[in-house]
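A.B. asks: I have a structure I would like to understand better, so I am pasting it below and will then ask my questions one at a time.
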Amino acid sequence: MLKKFKQFIARHFSSDRHLGKPDFVFLITLGLIVVFGLVMLFSASTIVAYMAYHDAYYFVTRQLLWLAIGGAVFYFLYNFDYHRWRKYAFSMLVASLGLLSLIMVHPITRVVNGHRSWINLGIFSFQPSEFVKVTLIIYLAALLESSGKAKSLDIERAKKFFIVIGVIAALMLLQPDIGTLAIIMAACLILYFVNGGQMKTLLVCAAMALAMLAGYIGYRSLKGGGQSYMAYRFTCLYNPSSSASDKCYQINQSLLAVGSGGWFGRGIGNSRQKFLFLPEVQNDFIFAIIAEEVGWIFSSLLLGAFVLLIYRGILIAKRAPDSFGRNLAIGLVSWIGVQVIVNIGGIINLFPMTGVPLPLVSAGGTALLAALSSAGIIANISRQGK
C-alpha cells in the first residue's frame with residue numbers, strides 16, 4: 001500500500017512543465033489573513049468557549065489543529081500539478097455528492113440551528129458542502145475548458161452544466177442551506193459567464209432562482225403554519241427593529257457591535273457583545289466582533305486584504321497557461337470572494353443573514369480546509385503561469 005502511494009506521489013508530482021516562482025503577494029496576503037484571523041478568533045471566542053466547554057482555548061486550539069492539517073494539504077496542492085485534477089474531476093464530484101447525500105441519513109447527521117449540514121463521525125464532524133465547493137469547480141473547469149479558439153459553449157456542455165447545478169441545488173435545499181447554495185451558484189455562474197455563457201441565459205437563470213427561492217420560502221411558511229425563519233430574514237433586512245428582541249435579535253446585536261467599534265475600536269479583547277449577547281461570535285458573526293474591537297480602520301484593512309487576495313487570484317487566472325487553469329483559478333477565487341461579500345454583507349445588513357462563515361477567519365475545520373485547498377491549487381497555477 002505504501003509503495004503504491006509513493007508511486008502515485010512520484011507520478012503526479014513529476015511534470016514536464018517548469019514550476020516557477022509563485023505569486024508571493026497572493027501567498028503573503030493569504031498568510032496575513034490567516035494569522036489575523038487566529039488572533040481575532042481567540043479574542044472573540046474565549047467567553048463562549050469557556051461557558052460551553054470550560055476551556056477558553058477550545059475554539060482556537062481546534063482551529064490550530066485544522067490549520068496544521070490545512071497547511072499540509074495546502075503544501076501538497078501547491079506542489080501538485082493542477083493539470084492532473086482533470087483526470088479525477090468527475091470521480092471527486094461524485095464522491096463529494098455522495099457525502100452530501102449522506103446528510104439525509106439521520107443517525108449520522110448533526111443538526112445545527114435546524115440545518116442538517118454536518119456528518120457526525122463521533123470524534124469529529126465535517127460539512128460535505130465545503131468539499132462540494134472545490135470538487136464542483138474542478139469538474140466545471142474541465143467541462144467548460146475551451147477547445148481551440150471557441151468563444152461560446154456548445155449545447156451539450158451547457159446542458160451538463162445546468163444538470164449538475166440542478167442536482168446540487170436539490171441536495172442543498174433538502175438540508176436546507178440557502179447561504180452555501182447561493183455562494184456555489186454565484187461562483188458557477190461567474191465561471192459560466194467567463195467561458196462564453198450568454199448574458200440572457202444568466203438573467204433567465206437568476207430570475208428562475210429567485211422564483212424558486214420565493215416558492216420555497218412560501219412552502220416552508222405554509223408547512224410551519226406561519227412565517228418561516230427564512231422569510232423573517234428578509235423582513236429583518238428591511239425592518240430590523242420589527243422584532244428586535246426575537247426574530248431580528250442577531251442582526252440588531254451585530255449592528256450594535258459594528259457601530260460601537262467606531263473608527264479605532266474598543267481594543268482587542270474588549271468586546272462587550274462577545275459576552276453571550278451576540279450568538280455565534282466564533283463563526284458567522286466574527287466580523288462584527290472584529291469591527292467592535294479594532295474599529296473600522298483596521299477592519300477595513302482586513303477587507304482590503306481580501307480584495308487584494310481576490311485581485312491576485314484573478315491575475316493568476318489571466319496568466320494561466322491554458323483555459324483549464326484559468327477556469328480553476330477563476331472558479332476557486334470566486335467562491336471565496338462571494339462568500340466574503342455574503343458574510344460581511346449579512347453582518348452589516350446589506351443582505352439577509354445566511355449563516356455562512358468568513359473564509360480563513362471564522363472557526364470551522366472543514367471551511368478552513370476548503371479555503372486552504374483552493375488557495376493551494378491557485379498557488380500551483382501561479383507557478384505555471386505565463
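The way I read the labels, and the way they are meant: chains A, B, ... in the order of the C-alpha cells, residue 1 as the first residue of every chain, and ligand 1 as the first ligand shown, with later ones counted on from there.
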Determine, counting only C-alpha atoms, which protein, DNA and RNA residues have an atom within 10 Å of an atom of A:Met172; residues of the same chain fewer than 2 positions away are not included. Present the result as a PDB file with C-alpha atoms, in the first residue's frame.
C.D. replies:
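Once written, part.pdb looks like this:
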```pdb
ATOM      1  CA  LEU A 100     -23.707  15.393   0.608  1.00  0.00           C
ATOM      2  CA  SER A 101     -26.430  12.763   0.140  1.00  0.00           C
ATOM      3  CA  ILE A 103     -26.886  14.209   5.149  1.00  0.00           C
ATOM      4  CA  ARG A 116     -28.785  19.071   8.537  1.00  0.00           C
ATOM      5  CA  SER A 117     -25.449  20.209   7.153  1.00  0.00           C
ATOM      6  CA  SER A 129     -20.915  21.150   1.187  1.00  0.00           C
ATOM      7  CA  GLY A 166     -29.691  21.399 -10.515  1.00  0.00           C
ATOM      8  CA  VAL A 167     -28.707  18.195  -8.682  1.00  0.00           C
ATOM      9  CA  ILE A 168     -26.575  20.133  -6.210  1.00  0.00           C
ATOM     10  CA  ALA A 169     -29.322  22.717  -5.681  1.00  0.00           C
ATOM     11  CA  ALA A 170     -31.811  19.969  -4.840  1.00  0.00           C
ATOM     12  CA  LEU A 174     -33.007  19.363   1.483  1.00  0.00           C
ATOM     13  CA  GLN A 175     -30.703  20.453   4.304  1.00  0.00           C
ATOM     14  CA  PRO A 176     -31.660  23.355   3.862  1.00  0.00           C
ATOM     15  CA  ASP A 177     -28.555  25.519   3.359  1.00  0.00           C
ATOM     16  CA  ILE A 178     -29.575  28.507   1.274  1.00  0.00           C
ATOM     17  CA  GLY A 179     -26.449  30.539   2.043  1.00  0.00           C
ATOM     18  CA  THR A 180     -23.968  27.949   0.802  1.00  0.00           C
ATOM     19  CA  LEU A 181     -26.179  27.225  -2.198  1.00  0.00           C
ATOM     20  CA  ALA A 182     -26.209  30.916  -3.146  1.00  0.00           C
TER      21      ALA A 182
END
```
A.B. asks: Using 12 Å as the limit and counting only C-alpha atoms, can you tabulate each residue of stretch 265-329 of chain A that touches stretch 131-141 of chain A, with its shortest atom-to-atom distance in Å and the two atoms involved, as a Markdown table?
C.D. replies:
```
| residue | atom | partner | partner_atom | distance |
| --- | --- | --- | --- | --- |
| A:Ala317 | CA | A:Ala141 | CA | 11.8 |
| A:Asp322 | CA | A:Ala141 | CA | 10.9 |
| A:Ser323 | CA | A:Ala141 | CA | 8.1 |
| A:Phe324 | CA | A:Ala141 | CA | 5.6 |
| A:Gly325 | CA | A:Ala141 | CA | 7.8 |
| A:Arg326 | CA | A:Ala141 | CA | 8.1 |
| A:Asn327 | CA | A:Ala141 | CA | 4.8 |
| A:Leu328 | CA | A:Ala141 | CA | 5.4 |
| A:Ala329 | CA | A:Ala141 | CA | 9.0 |
```
A.B. asks: Just the selected residues (N, CA and C atoms), exported as a compact mmCIF listing (two decimals), in the first residue's frame, please.
C.D. replies:
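To be explicit, this is the file written out as part-v3.txt:
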```txt
# COMPACT_ATOMS: atom_id res chain seq x y z
N ALA A 317 -5.34 33.80 -12.78
CA ALA A 317 -6.20 33.19 -13.80
C ALA A 317 -5.86 33.72 -15.19
N ASP A 322 -3.36 27.73 -19.71
CA ASP A 322 -4.43 27.13 -20.51
C ASP A 322 -5.78 27.48 -19.88
N SER A 323 -6.84 27.14 -20.60
CA SER A 323 -8.18 27.51 -20.15
C SER A 323 -8.60 26.71 -18.92
N PHE A 324 -8.07 25.50 -18.76
CA PHE A 324 -8.39 24.72 -17.56
C PHE A 324 -7.86 25.42 -16.31
N GLY A 325 -6.60 25.88 -16.37
CA GLY A 325 -6.03 26.63 -15.25
C GLY A 325 -6.76 27.93 -15.00
N ARG A 326 -7.14 28.61 -16.08
CA ARG A 326 -7.90 29.86 -15.94
C ARG A 326 -9.23 29.60 -15.24
N ASN A 327 -9.93 28.56 -15.69
CA ASN A 327 -11.22 28.23 -15.09
C ASN A 327 -11.09 27.87 -13.62
N LEU A 328 -10.07 27.07 -13.32
CA LEU A 328 -9.85 26.67 -11.92
C LEU A 328 -9.63 27.89 -11.03
N ALA A 329 -8.72 28.76 -11.44
CA ALA A 329 -8.40 29.92 -10.61
C ALA A 329 -9.61 30.85 -10.46
```
A.B. asks: Give me the residues near A:Ser334 as a list in words, where near means some atom within 9 Å (using only C-alpha atoms) and where sequence neighbours in that chain fewer than 2 positions away do not count.
C.D. replies: Ile183, Ala186, Ala187, Cys188, Ile190, Leu191, Ile310, Gly313, Ile314, Ala329, Ile330, Gly331, Leu332, Ile336, Gly337, Val338 and Gln339 of chain A
A.B. asks: So which residues touch A:Leu256 within 9 Å, counting only C-alpha atoms, skipping near sequence neighbours fewer than 5 positions away, as a list of chain:residue names?
C.D. replies: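 Here the qualifying residues turn out to be A:Ile251, A:Gly261, A:Gln273, A:Ala288, A:Glu292.
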A.B. asks: So which bits of stretch 109-342 of chain A end up strand (DSSP E) when you DSSP the backbone, as a short mmCIF file (atom, residue, chain, number, x, y, z; two decimals) with C-alpha atoms, in the first residue's frame?
C.D. replies:
```
data_model
loop_
_atom_site.label_atom_id
_atom_site.label_comp_id
_atom_site.auth_asym_id
_atom_site.auth_seq_id
_atom_site.Cartn_x
_atom_site.Cartn_y
_atom_site.Cartn_z
CA THR A 109 -26.38 13.77 10.81
CA ARG A 110 -25.52 16.58 13.17
CA VAL A 111 -28.26 19.20 13.21
CA VAL A 112 -27.05 22.78 13.82
CA HIS A 115 -29.86 22.63 9.38
CA ARG A 116 -28.78 19.07 8.54
CA SER A 117 -25.45 20.21 7.15
CA TRP A 118 -22.99 18.12 9.14
CA ILE A 119 -21.95 14.46 9.18
CA ASN A 120 -21.04 13.34 12.69
CA SER A 125 -17.82 16.18 12.30
CA PHE A 126 -17.50 17.76 8.88
#
```
A.B. asks: Show me, as an mmCIF file with C-alpha atoms, in the first residue's frame, the residues that have an atom within 10 Å of stretch 354-356 of chain A when counting only C-alpha atoms, minus same-chain residues fewer than 2 positions from it.
C.D. replies:
```cif
data_model
loop_
_atom_site.group_PDB
_atom_site.id
_atom_site.type_symbol
_atom_site.label_atom_id
_atom_site.label_comp_id
_atom_site.auth_asym_id
_atom_site.auth_seq_id
_atom_site.Cartn_x
_atom_site.Cartn_y
_atom_site.Cartn_z
ATOM 1 C CA ASN A 113 -29.624 25.567 14.128
ATOM 2 C CA ASP A 177 -28.555 25.519 3.359
ATOM 3 C CA ILE A 178 -29.575 28.507 1.274
ATOM 4 C CA GLY A 179 -26.449 30.539 2.043
ATOM 5 C CA THR A 180 -23.968 27.949 0.802
ATOM 6 C CA LEU A 181 -26.179 27.225 -2.198
ATOM 7 C CA ALA A 182 -26.209 30.916 -3.146
ATOM 8 C CA ILE A 183 -22.403 31.054 -2.956
ATOM 9 C CA MET A 230 -36.161 32.417 6.017
ATOM 10 C CA ARG A 233 -34.558 37.168 7.462
ATOM 11 C CA GLU A 280 -22.064 32.539 17.038
ATOM 12 C CA ASN A 283 -18.403 31.626 13.351
ATOM 13 C CA ASP A 284 -20.911 33.683 11.385
ATOM 14 C CA PHE A 285 -20.560 36.923 13.354
ATOM 15 C CA GLN A 339 -18.585 34.182 0.489
ATOM 16 C CA VAL A 340 -16.697 37.146 1.947
ATOM 17 C CA VAL A 342 -22.234 37.414 1.632
ATOM 18 C CA ASN A 343 -20.875 37.056 5.175
ATOM 19 C CA ILE A 344 -19.925 40.683 5.747
ATOM 20 C CA GLY A 345 -22.955 41.946 3.843
ATOM 21 C CA GLY A 346 -25.198 39.968 6.189
ATOM 22 C CA ILE A 347 -23.434 41.284 9.272
ATOM 23 C CA PHE A 351 -28.097 41.156 2.625
ATOM 24 C CA PRO A 352 -30.254 38.697 4.567
ATOM 25 C CA LEU A 358 -15.952 34.280 6.911
ATOM 26 C CA PRO A 359 -13.321 32.358 4.895
ATOM 27 C CA SER A 362 -14.200 32.013 11.254
ATOM 28 C CA ALA A 367 -14.384 25.512 5.937
#
```
A.B. asks: Would you please work out which residue, of A:Val204, A:Val258, A:Leu67, A:Val73, is nearest to A:Gly31 when using only C-alpha atoms?
C.D. replies: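 Closest residue, counting only C-alpha atoms: A:Leu67.
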A.B. asks: Could you check the closest approach to A:Pro240 for each of A:Gln282, A:Asn349, A:Ser300, A:Gln384 and tell me which residue wins, using only C-alpha atoms?
C.D. replies: A:Asn349
A.B. asks: Could you check the closest approach to A:Thr366 for each of A:Ala49, A:Lys247, A:Gln127, A:Leu19 and tell me which residue wins, using only C-alpha atoms?
C.D. replies: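 Selected residue with least distance to A:Thr366: A:Gln127.
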A.B. asks: So how far away is atom CA of A:Ser299 from atom CA of A:Leu255, in Å?
C.D. replies: 14.4 Å
A.B. asks: Write down as number ranges by chain the residues belonging to stretch 177-357 of chain A that are assigned alpha helix (DSSP H) by DSSP computed on the backbone.
C.D. replies: A: 178-194, 199-224, 229-238, 249-261, 286-318, 323-347
